[in-house]
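Participant: So that we are looking at the same thing, I have put the structure below in structure tokens.
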Amino acid sequence: MNADLEQVIALQRLDTAGQDAERRLAEEGDRTKALEARLERAREQVASAKQRLAANQEARRALEKDAAVHQGRLSKFRDQAMEVKTNQEYHAIQKEMSYAEGEIKALEEKILERMLDADDLTAALKRGEAELAKEQKEVEAERRAMAGELADLRAARERLTAERTALVAAMDQRVLTIFELVARRRHGVAVAEARDGVCTICHVRLRPQVFNNVRRNAEIIQCDSCQRILYFIPPPAPAEQPARVE
């Protein structure tokens, strides 16, 4: 293969690897935000469960307070019932006692409902806290892994930059100019494989003579459509068949 062609292929590989490293480094902020969002959702679930449980307990205390008021009135009416002089007074007190007993019963049923709800809410809170603990552990592990990955990417970027600098210094400046011009115009991709008579990136069919020249890999040839530098990968040689033993 032509030396200039080998160099532009190598330069493209370095640039592609460098672009990938830069892209992944640029994603650090979004990945960090995504991890924090996971924790925030888990924290919100725990906070919501605590609020629901607190509201349940507050409502239960209010019901118990109302029940105590009616219980006090009932005790008072029972004491008064021992001192009434007439049937009319007795029936009036009995009516008040029946009302108080009914209110107490209704309130006790509501208190029982709140107690049953509290069991479910307490269980939900424990599940939320367990999920938060799990998320915290997983996110911390992912952060450590990401930190290691970012360190590797930064090291790779430095290595690729050094290799690119050395390669560019050794290249023919005319060829380098062509490469960089096409790369700027084609989103960083200045080299393309030609296969079956077609540029594999822009998918435009090459003229037969152009493709025949590309197949030789003997010079810098650009695609007539996208201007990328073309190269050809020969098909693998067929495997030798073992000699047949008669």
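Simple scheme: letters A, B, ... for chains in structure tokens order, numbers from 1 for residues in each chain, numbers from 1 for ligands in the order shown.
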What's the 7 Å shell around range 185-200 of chain A, counting only C-alpha atoms, without same-chain residues fewer than 3 positions away, as number ranges by chain?
Facilitator: A: 9, 12, 179, 181-182, 203-206, 211, 228-232
Participant: Could you please take those selected residues and save N, CA and C atoms as a compact mmCIF listing (two decimals), in the first residue's frame?
Facilitator:
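Here's the written file result10.txt:
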```
# COMPACT_ATOMS: atom_id res chain seq x y z
N ILE A 9 -4.86 6.73 6.49
CA ILE A 9 -5.72 5.73 7.16
C ILE A 9 -5.41 5.71 8.65
N GLN A 12 -6.75 8.86 10.24
CA GLN A 12 -8.21 8.79 10.43
C GLN A 12 -8.57 7.95 11.65
N PHE A 179 -6.37 15.96 3.54
CA PHE A 179 -7.06 15.26 4.64
C PHE A 179 -7.80 16.24 5.54
N LEU A 181 -8.76 19.33 5.04
CA LEU A 181 -9.83 20.06 4.35
C LEU A 181 -11.10 19.20 4.26
N VAL A 182 -10.92 17.95 3.86
CA VAL A 182 -12.07 17.05 3.75
C VAL A 182 -12.64 16.77 5.13
N HIS A 203 -22.06 6.23 -0.32
CA HIS A 203 -22.83 5.21 -1.05
C HIS A 203 -23.05 5.55 -2.53
N VAL A 204 -22.17 6.39 -3.06
CA VAL A 204 -22.23 6.70 -4.49
C VAL A 204 -21.32 5.73 -5.24
N ARG A 205 -21.82 5.22 -6.39
CA ARG A 205 -21.03 4.27 -7.18
C ARG A 205 -19.89 5.01 -7.88
N LEU A 206 -18.71 4.39 -7.79
CA LEU A 206 -17.53 4.97 -8.43
C LEU A 206 -17.47 4.58 -9.90
N PHE A 211 -12.51 3.01 -9.58
CA PHE A 211 -12.50 1.90 -8.62
C PHE A 211 -11.30 0.99 -8.88
N ARG A 228 -13.92 12.21 -0.08
CA ARG A 228 -13.12 11.48 0.89
C ARG A 228 -12.04 10.67 0.18
N ILE A 229 -10.92 10.47 0.88
CA ILE A 229 -9.82 9.67 0.35
C ILE A 229 -10.20 8.21 0.42
N LEU A 230 -10.07 7.50 -0.68
CA LEU A 230 -10.55 6.12 -0.78
C LEU A 230 -9.42 5.11 -0.64
N TYR A 231 -9.75 3.97 -0.05
CA TYR A 231 -8.81 2.85 0.01
C TYR A 231 -9.59 1.56 -0.18
N PHE A 232 -8.87 0.50 -0.46
CA PHE A 232 -9.51 -0.79 -0.76
C PHE A 232 -8.90 -1.87 0.12
```
Participant: Please provide as a list of chain:residue names all residues within 6 Å of range 100-117 of chain A, with the sequence filter that same-chain residues fewer than 4 positions apart are discarded (counting only C-alpha atoms).
Facilitator: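 Those residues are A:Arg60, A:Ala67, A:His70, A:Leu74.
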Participant: Generate a file of the selected residues that holds C-alpha atoms, formatted as a PDB file, in the first residue's frame.
Facilitator:
```pdb
ATOM      1  CA  ARG A  60     -55.067   9.489  64.390  1.00  0.00           C
ATOM      2  CA  ALA A  67     -62.803  10.311  71.255  1.00  0.00           C
ATOM      3  CA  HIS A  70     -66.736  12.233  74.009  1.00  0.00           C
ATOM      4  CA  LEU A  74     -70.042  10.033  78.602  1.00  0.00           C
TER       5      LEU A  74
END
```
Participant: May I have the residues within 9 Å of Glu28 in chain A as a PyMOL selection string, using only C-alpha atoms and disregarding those fewer than 5 positions away in the same chain?
Facilitator: chain A and resi 33+146+150
Participant: Would you please work out which residue, of A:Val168, A:Ala145, A:Ile201, A:Met97, is nearest to Arg31 in chain A when using only C-alpha atoms?
Facilitator: A:Ala145
Participant: For the structure I just gave you, how does DSSP split range 20-245 of chain A - specifically, which residues are alpha helix (DSSP H)? Reply as number ranges by chain.
Facilitator: A: 20-26, 28-81, 87-170, 173-185, 208-216
Participant: With distances taken over only C-alpha atoms, which of A:Ile178, A:Val210, A:Ile220, A:Ile93 is nearest to Asn2 in chain A?
Facilitator: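 Among A:Ile178, A:Val210, A:Ile220, A:Ile93, it is A:Ile220 that comes nearest to Asn2 in chain A.
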Participant: Which value, in Å to one decimal, gives the distance between CA of Tyr90 in chain A and CA of Lys65 in chain A?
Facilitator: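 It comes out at 27.6 Å.
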Participant: Out of A:Ala118, A:Val175, A:Ala17, A:Ala156, which residue has the shortest atom-to-atom distance to Glu219 in chain A when counting only C-alpha atoms?
Facilitator: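 Smallest distance to Glu219 in chain A is found for A:Val175.
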Participant: Hey, which of A:Ala49, A:Glu6, A:Ala237, A:Arg215 ends up closest to Ala123 in chain A? Count only C-alpha atoms.
Facilitator: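 Ranking A:Ala49, A:Glu6, A:Ala237, A:Arg215 by distance to Ala123 in chain A, first place goes to A:Ala49.
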Participant: Between CA of Val46 in chain A and CA of Arg61 in chain A, measure the distance and give it in Å to one decimal.
Facilitator: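 A separation of 22.6 Å between them.
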Participant: Nearest residue to Asn217 in chain A out of A:Ile233, A:Ala10, A:Cys202, A:Ala92, using only C-alpha atoms?
Facilitator: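 Using only C-alpha atoms, the shortest distance to Asn217 in chain A belongs to A:Ile233.
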Participant: Can you pull out every residue from range 89-240 of chain A that DSSP, working from the backbone, puts in strand (DSSP E or B), and format the result as a CSV table (one decimal) with C-alpha atoms, in the first residue's frame?
Facilitator:
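The resulting states22.csv:
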```csv
chain,number,residue,atom,x,y,z
A,191,VAL,CA,-11.1,8.6,4.6
A,192,ALA,CA,-13.5,5.9,3.3
A,193,GLU,CA,-13.3,2.3,2.2
A,194,ALA,CA,-14.3,1.5,-1.4
A,195,ARG,CA,-16.1,-1.8,-1.6
A,198,VAL,CA,-19.1,2.0,-4.1
A,199,CYS,CA,-17.9,4.5,-1.5
A,205,ARG,CA,-21.0,4.3,-7.2
A,222,GLN,CA,-10.7,11.0,-3.7
A,229,ILE,CA,-9.8,9.7,0.3
A,230,LEU,CA,-10.6,6.1,-0.8
A,231,TYR,CA,-8.8,2.9,0.0
```
Participant: Can you tell me which residues surround Ser48 in chain A at a distance of at most 9 Å, considering only C-alpha atoms, apart from same-chain residues fewer than 5 positions away, and format the answer as an MDAnalysis selection string?
Facilitator: chainID A and resid 43 53 125
